[in-house]
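Peer 1: Here you go, protein_24.cif (mmCIF, C-alpha atoms):
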```
data_final
loop_
_atom_site.group_PDB
_atom_site.id
_atom_site.type_symbol
_atom_site.label_atom_id
_atom_site.label_comp_id
_atom_site.auth_asym_id
_atom_site.auth_seq_id
_atom_site.Cartn_x
_atom_site.Cartn_y
_atom_site.Cartn_z
ATOM 1 C CA MET A 1 0.000 0.000 0.000
ATOM 2 C CA ILE A 2 2.898 2.357 0.750
ATOM 3 C CA PHE A 3 4.153 1.835 -2.798
ATOM 4 C CA TRP A 4 0.842 2.873 -4.400
ATOM 5 C CA THR A 5 0.411 5.784 -1.998
ATOM 6 C CA THR A 6 3.897 7.028 -2.899
ATOM 7 C CA LEU A 7 3.063 6.750 -6.607
ATOM 8 C CA LEU A 8 -0.200 8.626 -6.047
ATOM 9 C CA ILE A 9 1.584 11.458 -4.197
ATOM 10 C CA LEU A 10 4.192 11.644 -6.975
ATOM 11 C CA HIS A 11 1.405 11.679 -9.579
ATOM 12 C CA GLY A 12 -0.260 14.539 -7.699
ATOM 13 C CA LEU A 13 2.967 16.540 -7.416
ATOM 14 C CA LEU A 14 3.726 16.148 -11.137
ATOM 15 C CA ALA A 15 0.146 17.145 -11.939
ATOM 16 C CA LEU A 16 0.556 20.252 -9.781
ATOM 17 C CA ALA A 17 3.738 21.263 -11.612
ATOM 18 C CA LEU A 18 2.011 20.636 -14.959
ATOM 19 C CA LEU A 19 -0.983 22.699 -13.866
ATOM 20 C CA GLY A 20 1.248 25.646 -12.979
ATOM 21 C CA ALA A 21 3.218 25.462 -16.209
ATOM 22 C CA ILE A 22 0.226 25.152 -18.545
ATOM 23 C CA THR A 23 -1.675 27.911 -16.696
ATOM 24 C CA HIS A 24 1.327 30.260 -16.999
ATOM 25 C CA GLN A 25 1.676 29.542 -20.699
ATOM 26 C CA THR A 26 -2.047 29.779 -21.502
ATOM 27 C CA LEU A 27 -2.437 33.111 -19.709
ATOM 28 C CA ALA A 28 0.712 34.480 -21.366
ATOM 29 C CA LEU A 29 -0.642 33.442 -24.758
ATOM 30 C CA TRP A 30 -4.275 34.533 -24.401
ATOM 31 C CA TRP A 31 -3.787 37.570 -22.145
ATOM 32 C CA PRO A 32 -0.297 38.933 -22.848
ATOM 33 C CA VAL A 33 0.992 41.948 -20.925
ATOM 34 C CA SER A 34 1.419 45.102 -23.000
ATOM 35 C CA ALA A 35 3.045 47.283 -20.319
ATOM 36 C CA PRO A 36 5.898 46.399 -17.910
ATOM 37 C CA ALA A 37 4.596 43.870 -15.409
ATOM 38 C CA GLY A 38 3.859 45.357 -11.996
ATOM 39 C CA SER A 39 1.260 43.321 -10.152
ATOM 40 C CA PHE A 40 1.478 39.624 -9.282
ATOM 41 C CA VAL A 41 -1.120 38.732 -11.937
ATOM 42 C CA ALA A 42 0.709 40.754 -14.611
ATOM 43 C CA ARG A 43 4.020 39.076 -13.746
ATOM 44 C CA PHE A 44 2.246 35.696 -13.886
ATOM 45 C CA ARG A 45 1.165 36.552 -17.471
ATOM 46 C CA ALA A 46 4.519 37.985 -18.535
ATOM 47 C CA VAL A 47 6.357 34.663 -18.971
ATOM 48 C CA PRO A 48 7.770 33.631 -22.382
ATOM 49 C CA GLY A 49 5.365 30.867 -23.445
ATOM 50 C CA VAL A 50 7.849 29.077 -25.728
ATOM 51 C CA SER A 51 10.143 28.175 -22.833
ATOM 52 C CA TYR A 52 7.376 26.075 -21.220
ATOM 53 C CA VAL A 53 6.717 23.730 -24.160
ATOM 54 C CA GLY A 54 9.323 21.054 -23.403
ATOM 55 C CA ALA A 55 8.550 21.029 -19.681
ATOM 56 C CA ILE A 56 4.805 20.738 -20.305
ATOM 57 C CA ILE A 57 5.246 17.800 -22.692
ATOM 58 C CA VAL A 58 7.599 15.940 -20.323
ATOM 59 C CA LEU A 59 5.380 16.639 -17.282
ATOM 60 C CA TYR A 60 2.246 15.545 -19.139
ATOM 61 C CA VAL A 61 3.784 12.285 -20.307
ATOM 62 C CA LEU A 62 5.222 11.479 -16.848
ATOM 63 C CA THR A 63 1.938 12.341 -15.106
ATOM 64 C CA PHE A 64 0.055 10.212 -17.647
ATOM 65 C CA ILE A 65 2.344 7.203 -17.221
ATOM 66 C CA LEU A 66 2.062 7.323 -13.426
ATOM 67 C CA GLY A 67 -1.710 7.788 -13.640
ATOM 68 C CA ALA A 68 -2.061 4.855 -16.047
ATOM 69 C CA TRP A 69 0.006 2.710 -13.690
ATOM 70 C CA ILE A 70 -1.990 3.655 -10.573
ATOM 71 C CA TYR A 71 -5.181 2.987 -12.557
ATOM 72 C CA THR A 72 -4.447 -0.772 -12.473
ATOM 73 C CA GLN A 73 -4.616 -0.711 -8.655
ATOM 74 C CA TYR A 74 -7.635 1.622 -8.600
ATOM 75 C CA ARG A 75 -9.573 -0.726 -10.906
ATOM 76 C CA PHE A 76 -9.831 -3.615 -8.462
ATOM 77 C CA THR A 77 -9.590 -1.798 -5.133
ATOM 78 C CA ALA A 78 -11.015 1.729 -4.902
ATOM 79 C CA ARG A 79 -13.422 1.337 -7.825
ATOM 80 C CA LEU A 80 -15.002 -1.830 -6.473
ATOM 81 C CA ALA A 81 -15.532 -0.078 -3.137
ATOM 82 C CA LEU A 82 -17.058 2.955 -4.892
ATOM 83 C CA GLU A 83 -19.450 0.688 -6.800
ATOM 84 C CA GLN A 84 -20.452 -1.163 -3.636
ATOM 85 C CA LEU A 85 -21.122 2.199 -1.971
ATOM 86 C CA ARG A 86 -23.155 3.164 -5.092
ATOM 87 C CA PHE A 87 -20.948 6.199 -5.793
ATOM 88 C CA PHE A 88 -21.724 5.891 -9.498
ATOM 89 C CA LYS A 89 -21.205 9.582 -10.269
ATOM 90 C CA THR A 90 -17.694 9.382 -8.811
ATOM 91 C CA VAL A 91 -16.969 6.302 -10.928
ATOM 92 C CA GLY A 92 -18.405 8.135 -13.951
ATOM 93 C CA VAL A 93 -16.197 11.203 -13.544
ATOM 94 C CA PHE A 94 -13.159 8.950 -13.202
ATOM 95 C CA GLU A 95 -14.126 7.221 -16.465
ATOM 96 C CA LEU A 96 -14.282 10.689 -17.995
ATOM 97 C CA LYS A 97 -10.843 11.465 -16.550
ATOM 98 C CA GLU A 98 -9.265 8.514 -18.380
ATOM 99 C CA HIS A 99 -10.773 9.728 -21.679
ATOM 100 C CA LEU A 100 -9.730 13.357 -21.082
ATOM 101 C CA ALA A 101 -6.186 12.248 -20.242
ATOM 102 C CA THR A 102 -6.014 10.262 -23.486
ATOM 103 C CA ILE A 103 -7.302 13.173 -25.565
ATOM 104 C CA GLY A 104 -4.738 15.467 -23.906
ATOM 105 C CA LEU A 105 -1.949 13.019 -24.687
ATOM 106 C CA ILE A 106 -2.804 12.851 -28.382
ATOM 107 C CA LEU A 107 -2.803 16.656 -28.628
ATOM 108 C CA LEU A 108 0.884 16.760 -27.634
ATOM 109 C CA PRO A 109 2.389 16.092 -31.106
ATOM 110 C CA ALA A 110 0.345 18.941 -32.605
ATOM 111 C CA TYR A 111 1.045 21.151 -29.570
ATOM 112 C CA TRP A 112 4.782 20.581 -30.073
ATOM 113 C CA ALA A 113 4.574 21.069 -33.859
ATOM 114 C CA TYR A 114 2.726 24.397 -33.580
ATOM 115 C CA TRP A 115 5.099 25.721 -30.894
ATOM 116 C CA ARG A 116 8.239 24.850 -32.878
ATOM 117 C CA GLN A 117 10.681 27.735 -33.262
ATOM 118 C CA PRO A 118 10.671 30.010 -35.150
ATOM 119 C CA LEU A 119 6.972 30.418 -34.343
ATOM 120 C CA SER A 120 4.989 30.368 -37.579
ATOM 121 C CA GLN A 121 2.129 32.828 -38.052
ATOM 122 C CA GLU A 122 0.341 30.138 -40.059
ATOM 123 C CA TYR A 123 -0.209 28.094 -36.900
ATOM 124 C CA ALA A 124 -0.889 31.026 -34.543
ATOM 125 C CA SER A 125 -4.613 30.350 -34.230
ATOM 126 C CA ALA A 126 -4.188 26.578 -33.890
ATOM 127 C CA ARG A 127 -1.418 27.152 -31.328
ATOM 128 C CA ARG A 128 -3.731 29.270 -29.177
ATOM 129 C CA SER A 129 -6.598 26.785 -29.444
ATOM 130 C CA VAL A 130 -4.591 23.653 -28.766
ATOM 131 C CA THR A 131 -2.874 25.289 -25.766
ATOM 132 C CA LEU A 132 -6.214 26.370 -24.310
ATOM 133 C CA LEU A 133 -7.753 22.924 -24.831
ATOM 134 C CA LEU A 134 -4.750 21.272 -23.209
ATOM 135 C CA ALA A 135 -5.009 23.659 -20.235
ATOM 136 C CA LEU A 136 -8.723 22.903 -19.829
ATOM 137 C CA LEU A 137 -8.029 19.161 -19.942
ATOM 138 C CA VAL A 138 -5.246 19.430 -17.343
ATOM 139 C CA TRP A 139 -7.457 21.511 -15.036
ATOM 140 C CA SER A 140 -10.408 19.117 -15.448
ATOM 141 C CA ASN A 141 -8.292 16.065 -14.700
ATOM 142 C CA PHE A 142 -6.668 17.735 -11.712
ATOM 143 C CA LEU A 143 -10.041 18.559 -10.177
ATOM 144 C CA ILE A 144 -11.538 15.147 -10.996
ATOM 145 C CA GLY A 145 -8.512 13.447 -9.452
ATOM 146 C CA HIS A 146 -9.114 15.360 -6.234
ATOM 147 C CA ILE A 147 -12.827 14.498 -6.181
ATOM 148 C CA VAL A 148 -12.140 10.786 -6.640
ATOM 149 C CA ASN A 149 -9.352 10.804 -4.078
ATOM 150 C CA ASN A 150 -11.606 12.551 -1.579
ATOM 151 C CA ALA A 151 -14.282 9.908 -2.136
ATOM 152 C CA ARG A 152 -12.053 6.867 -1.785
ATOM 153 C CA GLY A 153 -8.402 7.781 -1.854
ATOM 154 C CA MET A 154 -5.146 7.376 -0.013
ATOM 155 C CA GLY A 155 -5.224 5.229 3.079
ATOM 156 C CA SER A 156 -8.973 4.552 2.974
ATOM 157 C CA MET B 1 3.855 18.694 -49.782
ATOM 158 C CA SER B 2 7.182 20.119 -48.501
ATOM 159 C CA VAL B 3 9.116 18.329 -45.750
ATOM 160 C CA SER B 4 8.647 21.267 -43.324
ATOM 161 C CA LYS B 5 4.864 20.986 -43.801
ATOM 162 C CA ARG B 6 4.760 17.248 -43.256
ATOM 163 C CA ILE B 7 5.372 17.420 -39.491
ATOM 164 C CA PRO B 8 2.424 19.752 -38.685
ATOM 165 C CA VAL B 9 0.159 17.794 -41.060
ATOM 166 C CA PHE B 10 1.244 14.475 -39.519
ATOM 167 C CA ALA B 11 0.615 15.860 -36.013
ATOM 168 C CA LEU B 12 -2.798 17.237 -37.024
ATOM 169 C CA VAL B 13 -4.025 14.057 -38.698
ATOM 170 C CA PHE B 14 -2.613 11.945 -35.867
ATOM 171 C CA GLY B 15 -4.623 13.936 -33.287
ATOM 172 C CA VAL B 16 -7.803 14.035 -35.348
ATOM 173 C CA GLY B 17 -7.580 10.385 -36.447
ATOM 174 C CA TYR B 18 -6.751 9.142 -32.955
ATOM 175 C CA ALA B 19 -9.698 10.991 -31.411
ATOM 176 C CA VAL B 20 -12.147 9.500 -33.928
ATOM 177 C CA ILE B 21 -10.766 5.946 -33.737
ATOM 178 C CA TYR B 22 -10.667 6.125 -29.935
ATOM 179 C CA VAL B 23 -14.357 7.062 -29.767
ATOM 180 C CA VAL B 24 -15.223 4.149 -32.088
ATOM 181 C CA CYS B 25 -13.042 1.761 -30.042
ATOM 182 C CA THR B 26 -14.693 2.709 -26.755
ATOM 183 C CA GLU B 27 -18.196 2.433 -28.227
ATOM 184 C CA VAL B 28 -17.727 -0.837 -30.142
ATOM 185 C CA ASN B 29 -15.089 -2.147 -27.675
ATOM 186 C CA LEU B 30 -12.127 -2.849 -29.967
ATOM 187 C CA PRO B 31 -9.056 -3.263 -27.756
ATOM 188 C CA LEU B 32 -5.795 -4.544 -29.228
ATOM 189 C CA ILE B 33 -4.991 -6.034 -25.816
ATOM 190 C CA THR B 34 -6.890 -6.807 -22.609
ATOM 191 C CA TYR B 35 -5.302 -6.339 -19.200
ATOM 192 C CA HIS B 36 -6.352 -8.391 -16.172
ATOM 193 C CA PRO B 37 -5.227 -6.215 -13.222
ATOM 194 C CA VAL B 38 -5.697 -8.828 -10.483
ATOM 195 C CA THR B 39 -3.452 -11.430 -12.115
ATOM 196 C CA GLY B 40 -1.341 -9.013 -14.169
ATOM 197 C CA ASP B 41 -2.045 -11.035 -17.353
ATOM 198 C CA ILE B 42 -2.181 -9.388 -20.760
ATOM 199 C CA GLY B 43 -4.226 -11.025 -23.510
ATOM 200 C CA LEU B 44 -4.496 -10.273 -27.192
ATOM 201 C CA LEU B 45 -7.664 -8.528 -28.447
ATOM 202 C CA ARG B 46 -10.895 -8.495 -26.397
ATOM 203 C CA GLN B 47 -11.103 -11.081 -23.652
ATOM 204 C CA PRO B 48 -13.784 -11.702 -21.031
ATOM 205 C CA ALA B 49 -13.142 -11.236 -17.314
ATOM 206 C CA LYS B 50 -11.311 -14.133 -15.654
ATOM 207 C CA THR B 51 -10.322 -13.341 -12.062
ATOM 208 C CA GLY B 52 -11.621 -9.901 -11.151
ATOM 209 C CA PRO B 53 -12.350 -7.049 -13.553
ATOM 210 C CA VAL B 54 -10.744 -6.501 -16.961
ATOM 211 C CA MET B 55 -9.264 -3.297 -18.376
ATOM 212 C CA TYR B 56 -9.721 -2.446 -22.051
ATOM 213 C CA TRP B 57 -8.463 1.151 -21.867
ATOM 214 C CA TYR B 58 -4.846 0.291 -22.723
ATOM 215 C CA GLY B 59 -6.103 -1.816 -25.612
ATOM 216 C CA TRP B 60 -8.276 0.994 -26.979
ATOM 217 C CA MET B 61 -5.295 3.337 -26.840
ATOM 218 C CA LEU B 62 -3.114 0.861 -28.721
ATOM 219 C CA THR B 63 -5.741 0.223 -31.422
ATOM 220 C CA SER B 64 -6.162 3.986 -31.868
ATOM 221 C CA LEU B 65 -2.390 4.479 -31.952
ATOM 222 C CA VAL B 66 -1.907 1.998 -34.787
ATOM 223 C CA GLY B 67 -4.787 3.470 -36.798
ATOM 224 C CA ALA B 68 -3.805 7.098 -36.193
ATOM 225 C CA VAL B 69 -0.147 6.560 -37.144
ATOM 226 C CA ALA B 70 -1.207 4.831 -40.375
ATOM 227 C CA LEU B 71 -3.646 7.644 -41.236
ATOM 228 C CA ALA B 72 -1.142 10.385 -40.383
ATOM 229 C CA ALA B 73 1.632 8.724 -42.400
ATOM 230 C CA CYS B 74 -0.639 8.523 -45.463
ATOM 231 C CA ALA B 75 -1.870 12.107 -45.006
ATOM 232 C CA SER B 76 1.622 13.586 -44.779
ATOM 233 C CA PHE B 77 2.255 12.476 -48.376
ATOM 234 C CA LEU B 78 -1.084 13.663 -49.779
ATOM 235 C CA PRO B 79 -1.842 17.166 -51.126
ATOM 236 C CA GLU B 80 -3.228 19.503 -48.447
ATOM 237 C CA GLY B 81 -6.527 19.902 -50.264
ATOM 238 C CA TRP B 82 -7.226 16.184 -50.118
ATOM 239 C CA VAL B 83 -6.542 16.052 -46.401
ATOM 240 C CA GLN B 84 -8.825 19.048 -45.854
ATOM 241 C CA ARG B 85 -11.615 17.440 -47.900
ATOM 242 C CA THR B 86 -11.311 14.130 -46.057
ATOM 243 C CA ILE B 87 -11.430 15.729 -42.601
ATOM 244 C CA THR B 88 -14.355 17.982 -43.591
ATOM 245 C CA PHE B 89 -16.267 14.985 -44.940
ATOM 246 C CA GLY B 90 -15.481 12.972 -41.799
ATOM 247 C CA CYS B 91 -16.736 15.749 -39.519
ATOM 248 C CA LEU B 92 -19.931 16.238 -41.535
ATOM 249 C CA LEU B 93 -20.473 12.467 -41.524
ATOM 250 C CA ALA B 94 -20.009 12.230 -37.744
ATOM 251 C CA ALA B 95 -22.297 15.205 -37.036
ATOM 252 C CA ALA B 96 -24.983 13.897 -39.408
ATOM 253 C CA TYR B 97 -24.731 10.350 -37.991
ATOM 254 C CA PHE B 98 -25.218 11.454 -34.405
ATOM 255 C CA THR B 99 -28.107 13.723 -35.413
ATOM 256 C CA PHE B 100 -29.890 11.023 -37.451
ATOM 257 C CA TYR B 101 -29.337 8.314 -34.860
ATOM 258 C CA ALA B 102 -30.517 10.528 -31.997
ATOM 259 C CA VAL B 103 -33.651 11.553 -33.928
ATOM 260 C CA ALA B 104 -34.309 7.914 -34.922
ATOM 261 C CA LEU B 105 -34.071 6.724 -31.311
ATOM 262 C CA PHE B 106 -36.245 9.648 -30.156
ATOM 263 C CA VAL B 107 -38.962 8.716 -32.676
ATOM 264 C CA TYR B 108 -38.615 4.980 -31.835
ATOM 265 C CA ASP B 109 -39.129 5.669 -28.123
ATOM 266 C CA ARG B 110 -42.274 7.719 -28.719
ATOM 267 C CA ALA B 111 -43.867 5.787 -31.612
ATOM 268 C CA THR B 112 -47.119 3.953 -30.883
ATOM 269 C CA VAL B 113 -46.214 1.189 -33.383
ATOM 270 C CA GLU B 114 -43.066 -0.961 -33.499
ATOM 271 C CA LEU B 115 -40.518 0.704 -35.834
ATOM 272 C CA GLU B 116 -37.620 -1.712 -35.398
ATOM 273 C CA PHE B 117 -35.648 -0.371 -38.387
ATOM 274 C CA LEU B 118 -35.107 2.949 -36.581
ATOM 275 C CA GLN B 119 -32.732 1.201 -34.177
ATOM 276 C CA SER B 120 -30.420 0.241 -37.037
ATOM 277 C CA ARG B 121 -27.074 2.055 -36.875
ATOM 278 C CA SER B 122 -26.283 1.240 -40.516
ATOM 279 C CA LEU B 123 -29.428 3.030 -41.690
ATOM 280 C CA SER B 124 -28.367 6.206 -39.865
ATOM 281 C CA LEU B 125 -24.839 5.788 -41.245
ATOM 282 C CA VAL B 126 -26.040 5.530 -44.854
ATOM 283 C CA ALA B 127 -28.301 8.568 -44.426
ATOM 284 C CA ALA B 128 -25.421 10.463 -42.819
ATOM 285 C CA ALA B 129 -23.019 9.545 -45.633
ATOM 286 C CA LEU B 130 -25.491 10.808 -48.235
ATOM 287 C CA THR B 131 -26.071 14.028 -46.293
ATOM 288 C CA ALA B 132 -22.327 14.598 -45.830
ATOM 289 C CA ALA B 133 -21.704 14.031 -49.555
ATOM 290 C CA ILE B 134 -24.427 16.543 -50.501
ATOM 291 C CA LEU B 135 -23.088 19.098 -48.012
ATOM 292 C CA MET B 136 -19.565 18.631 -49.379
ATOM 293 C CA PHE B 137 -20.797 19.606 -52.854
ATOM 294 C CA MET B 138 -22.429 22.715 -51.381
ATOM 295 C CA THR B 139 -19.325 24.004 -49.599
ATOM 296 C CA PRO B 140 -17.289 26.670 -51.430
ATOM 297 C CA ARG B 141 -14.247 25.331 -53.316
ATOM 298 C CA HIS B 142 -11.813 27.712 -51.652
ATOM 299 C CA TRP B 143 -12.521 26.001 -48.307
ATOM 300 C CA HIS B 144 -10.714 22.916 -49.571
ATOM 301 C CA LYS B 145 -7.622 24.528 -51.065
ATOM 302 C CA ARG B 146 -5.651 24.680 -47.829
ATOM 303 C CA LEU B 147 -5.665 22.655 -44.658
ATOM 304 C CA TRP B 148 -7.338 24.290 -41.659
ATOM 305 C CA TYR B 149 -5.227 23.558 -38.576
ATOM 306 C CA GLY B 150 -8.104 24.368 -36.225
ATOM 307 C CA TRP B 151 -9.327 20.789 -36.731
ATOM 308 C CA ILE B 152 -6.876 19.864 -33.986
ATOM 309 C CA TRP B 153 -9.200 21.275 -31.333
ATOM 310 C CA VAL B 154 -12.574 20.897 -33.084
ATOM 311 C CA VAL B 155 -12.406 17.107 -33.550
ATOM 312 C CA PRO B 156 -10.961 16.205 -30.098
ATOM 313 C CA ALA B 157 -13.490 18.564 -28.455
ATOM 314 C CA GLY B 158 -16.278 16.806 -30.378
ATOM 315 C CA ALA B 159 -14.851 13.444 -29.320
ATOM 316 C CA ILE B 160 -14.956 14.549 -25.672
ATOM 317 C CA GLY B 161 -18.618 15.495 -26.111
ATOM 318 C CA VAL B 162 -19.453 12.050 -27.512
ATOM 319 C CA LEU B 163 -17.429 10.227 -24.840
ATOM 320 C CA ALA B 164 -19.143 12.252 -22.110
ATOM 321 C CA TYR B 165 -22.550 11.412 -23.634
ATOM 322 C CA TYR B 166 -21.728 7.698 -23.525
ATOM 323 C CA LEU B 167 -20.940 8.035 -19.808
ATOM 324 C CA ALA B 168 -24.349 9.597 -19.060
ATOM 325 C CA PRO B 169 -25.766 6.345 -17.531
ATOM 326 C CA TYR B 170 -23.331 6.723 -14.596
ATOM 327 C CA PHE B 171 -24.935 10.056 -13.723
ATOM 328 C CA ARG B 172 -28.539 8.849 -13.999
ATOM 329 C CA GLN B 173 -28.151 6.156 -11.307
#
```
In structure tokens, what does this structure look like?
Peer 2:
Amino acid sequence: MIFWTTLLILHGLLALALLGAITHQTLALWWPVSAPAGSFVARFRAVPGVSYVGAIIVLYVLTFILGAWIYTQYRFTARLALEQLRFFKTVGVFELKEHLATIGLILLPAYWAYWRQPLSQEYASARRSVTLLLALLVWSNFLIGHIVNNARGMGS
Amino acid sequence: MSVSKRIPVFALVFGVGYAVIYVVCTEVNLPLITYHPVTGDIGLLRQPAKTGPVMYWYGWMLTSLVGAVALAACASFLPEGWVQRTITFGCLLAAAYFTFYAVALFVYDRATVELEFLQSRSLSLVAAALTAAILMFMTPRHWHKRLWYGWIWVVPAGAIGVLAYYLAPYFRQ
């Protein structure tokens, strides 16, 4: 049990780092600062988005691999308990999480291609859209992960 | 198509193709492998549960991976216009299919006589294919000259909508 709990904590920490990186990049892309950054929010938006691409891809893949590994344990422990307790909505949102994670993963090649340097104007619109979609998927999965863990998570 | 263009086109078609194949795999249950988490066994294709539950998710991802790589490899050697036409047709087909099938099931549920044929998926698919073909003829030609890279969010977002719809029974219990 300690092994799976450690993996789950690591998965959560990687997800947190990914969440921060993708949120920084998305805000910098969709709401760029025009004047010198003064406030905390403006400084948060003032990061160079390109420098986050590699980190986001690596973090996403690592978080995904850990999540997919933990899923094997979840399937015949936590999920069975959730079904016995008739927590079907919780099971349903976790099913959605696995699909959202997959869709996020398959966006990564395009995300990388559209962020390749030098940044092409031809892909500017697709770059904005794919980054926003990826951010929404990461946020959704982060929140769903917390809901499921709160229902039947570590140590329960 | 130039070499520098092939990477973005490959990435686009990979994402779009994977999303579509993944939705089909989850709905029809077409895993390349089946994982038995209790015993740790991995079996080829779809297998029934042995000891404890089975996991098809890894299998669906692998099936989609093989299909998407094949599609993307083909597309990266085709003219942009052809890729654009194929994706447009695919999207129109999917939208028409879901509309026809939803309407058919709605009518079937409320009909006072037995209309068994309305439950047929192939009937909705044929009607959708015809509709998509007609709509393709009606679209302006300049739409198909260049590839629209926005498909990379439109198709996966649509796939999420369909996947979420399939999970609706969990939220009705």
Peer 1: Taking the file above as input, evaluate the PyMOL selection byres ((chain A) within 7 of (chain B)) and report the hits as a PDB file with C-alpha atoms, in the coordinates of the input.
Peer 2:
```
ATOM      1  CA  THR A  72      -4.447  -0.772 -12.473  1.00  0.00           C
ATOM      2  CA  PHE A  76      -9.831  -3.615  -8.462  1.00  0.00           C
ATOM      3  CA  PHE A  88     -21.724   5.891  -9.498  1.00  0.00           C
ATOM      4  CA  LYS A  89     -21.205   9.582 -10.269  1.00  0.00           C
ATOM      5  CA  GLY A  92     -18.405   8.135 -13.951  1.00  0.00           C
ATOM      6  CA  LEU A  96     -14.282  10.689 -17.995  1.00  0.00           C
ATOM      7  CA  ILE A 103      -7.302  13.173 -25.565  1.00  0.00           C
ATOM      8  CA  ILE A 106      -2.804  12.851 -28.382  1.00  0.00           C
ATOM      9  CA  LEU A 107      -2.803  16.656 -28.628  1.00  0.00           C
ATOM     10  CA  PRO A 109       2.389  16.092 -31.106  1.00  0.00           C
ATOM     11  CA  ALA A 110       0.345  18.941 -32.605  1.00  0.00           C
ATOM     12  CA  ALA A 113       4.574  21.069 -33.859  1.00  0.00           C
ATOM     13  CA  TYR A 114       2.726  24.397 -33.580  1.00  0.00           C
ATOM     14  CA  TYR A 123      -0.209  28.094 -36.900  1.00  0.00           C
ATOM     15  CA  ALA A 126      -4.188  26.578 -33.890  1.00  0.00           C
ATOM     16  CA  SER A 129      -6.598  26.785 -29.444  1.00  0.00           C
ATOM     17  CA  VAL A 130      -4.591  23.653 -28.766  1.00  0.00           C
ATOM     18  CA  LEU A 133      -7.753  22.924 -24.831  1.00  0.00           C
TER      19      LEU A 133
END
```
Peer 1: Would you translate the PyMOL selection byres ((chain B and resi 101) around 9) into the concrete set of residues it matches in this file, as a PyMOL selection string?
Peer 2: chain B and resi 96-100+102-106+118-121+123-125
Peer 1: Emit as AutoDock Vina command-line options the padded axis-aligned box for all listed atoms of stretch 90-104 of chain A, 6 Å per side, with centre and edge lengths in Å to one decimal.
Peer 2:
```
--center_x -11.6 --center_y 10.9 --center_z -17.2 --size_x 25.7 --size_y 21.2 --size_z 28.8
```
Peer 1: Could you name the residues that touch A:Gly12 at 12 Å or less, counting only C-alpha atoms, but leaving out those on the same chain fewer than 5 positions away, as an mmCIF file with C-alpha atoms, in the coordinates of the input?
Peer 2:
```
data_model
loop_
_atom_site.group_PDB
_atom_site.id
_atom_site.type_symbol
_atom_site.label_atom_id
_atom_site.label_comp_id
_atom_site.auth_asym_id
_atom_site.auth_seq_id
_atom_site.Cartn_x
_atom_site.Cartn_y
_atom_site.Cartn_z
ATOM 1 C CA THR A 5 0.411 5.784 -1.998
ATOM 2 C CA THR A 6 3.897 7.028 -2.899
ATOM 3 C CA LEU A 7 3.063 6.750 -6.607
ATOM 4 C CA ALA A 17 3.738 21.263 -11.612
ATOM 5 C CA LEU A 18 2.011 20.636 -14.959
ATOM 6 C CA LEU A 19 -0.983 22.699 -13.866
ATOM 7 C CA LEU A 59 5.380 16.639 -17.282
ATOM 8 C CA TYR A 60 2.246 15.545 -19.139
ATOM 9 C CA LEU A 62 5.222 11.479 -16.848
ATOM 10 C CA THR A 63 1.938 12.341 -15.106
ATOM 11 C CA PHE A 64 0.055 10.212 -17.647
ATOM 12 C CA LEU A 66 2.062 7.323 -13.426
ATOM 13 C CA GLY A 67 -1.710 7.788 -13.640
ATOM 14 C CA ILE A 70 -1.990 3.655 -10.573
ATOM 15 C CA VAL A 138 -5.246 19.430 -17.343
ATOM 16 C CA ASN A 141 -8.292 16.065 -14.700
ATOM 17 C CA PHE A 142 -6.668 17.735 -11.712
ATOM 18 C CA LEU A 143 -10.041 18.559 -10.177
ATOM 19 C CA ILE A 144 -11.538 15.147 -10.996
ATOM 20 C CA GLY A 145 -8.512 13.447 -9.452
ATOM 21 C CA HIS A 146 -9.114 15.360 -6.234
ATOM 22 C CA ASN A 149 -9.352 10.804 -4.078
ATOM 23 C CA MET A 154 -5.146 7.376 -0.013
#
```
Peer 1: Taking the file as I've supplied it (selection: the PyMOL selection byres ((chain A and resi 36-50) around 9)), which residues are included? Please answer as a list in words.
Peer 2: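 On the file shown, the PyMOL selection byres ((chain A and resi 36-50) around 9) covers His24, Gln25, Thr26, Leu27, Ala28, Leu29, Trp31, Pro32, Val33, Ser34, Ala35, Ser51, Tyr52, Val53, Gly54, Trp115, Arg116, Gln117 and Leu119 of chain A.
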Peer 1: To one decimal place, how far is atom CA of B:Met136 from atom CA of B:Ala73 in Å?
Peer 2: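 So the answer is 24.4 Å.
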Peer 1: Check the smallest atom-to-atom distance from each of A:Leu85, A:Ala151, A:Leu8, A:Val91 to A:Ile65 using all atoms listed in the file, then report the winner.
Peer 2: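 Of the candidates, the smallest distance to A:Ile65 is held by A:Leu8.
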Peer 1: Could you jot down the atom CA of A:Val148 to atom CA of A:Glu98 separation for me, Å, one decimal place?
Peer 2: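 Atom CA of A:Val148 sits 12.3 Å away from atom CA of A:Glu98.
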Peer 1: When you draw a straight line from atom CA of B:His142 to atom CA of B:Val155, how long is it in Å?
Peer 2: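 Separating atom CA of B:His142 from atom CA of B:Val155 is a distance of 21.0 Å.
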Peer 1: Quick one: of B:Arg6, B:Glu80, B:Asn29, B:Arg85, who's nearest to B:Pro140, counting only C-alpha atoms?
Peer 2: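 Of B:Arg6, B:Glu80, B:Asn29, B:Arg85, the one nearest B:Pro140, counting only C-alpha atoms, is B:Arg85.
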Peer 1: List the spatial neighbours of B:Ser2 as a PyMOL selection string - criterion: any atom at most 10 Å away, only C-alpha atoms, same-chain residues fewer than 6 positions off excluded.
Peer 2: chain B and resi 76-77+79
Peer 1: Give the answer as one residue: which of A:Thr77, A:Ser140, A:Gln84, A:Gln121 has the shortest atom-to-atom distance to A:Lys97, using only C-alpha atoms?
Peer 2: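 Distance minimum relative to A:Lys97 lands on A:Ser140.
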Peer 1: Between B:Arg46, B:Trp60, B:Asp41, B:Phe89, which residue has the minimum interatomic distance to B:Glu27, considering all atoms listed in the file?
Peer 2: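 Closest residue, counting all atoms listed in the file: B:Trp60.
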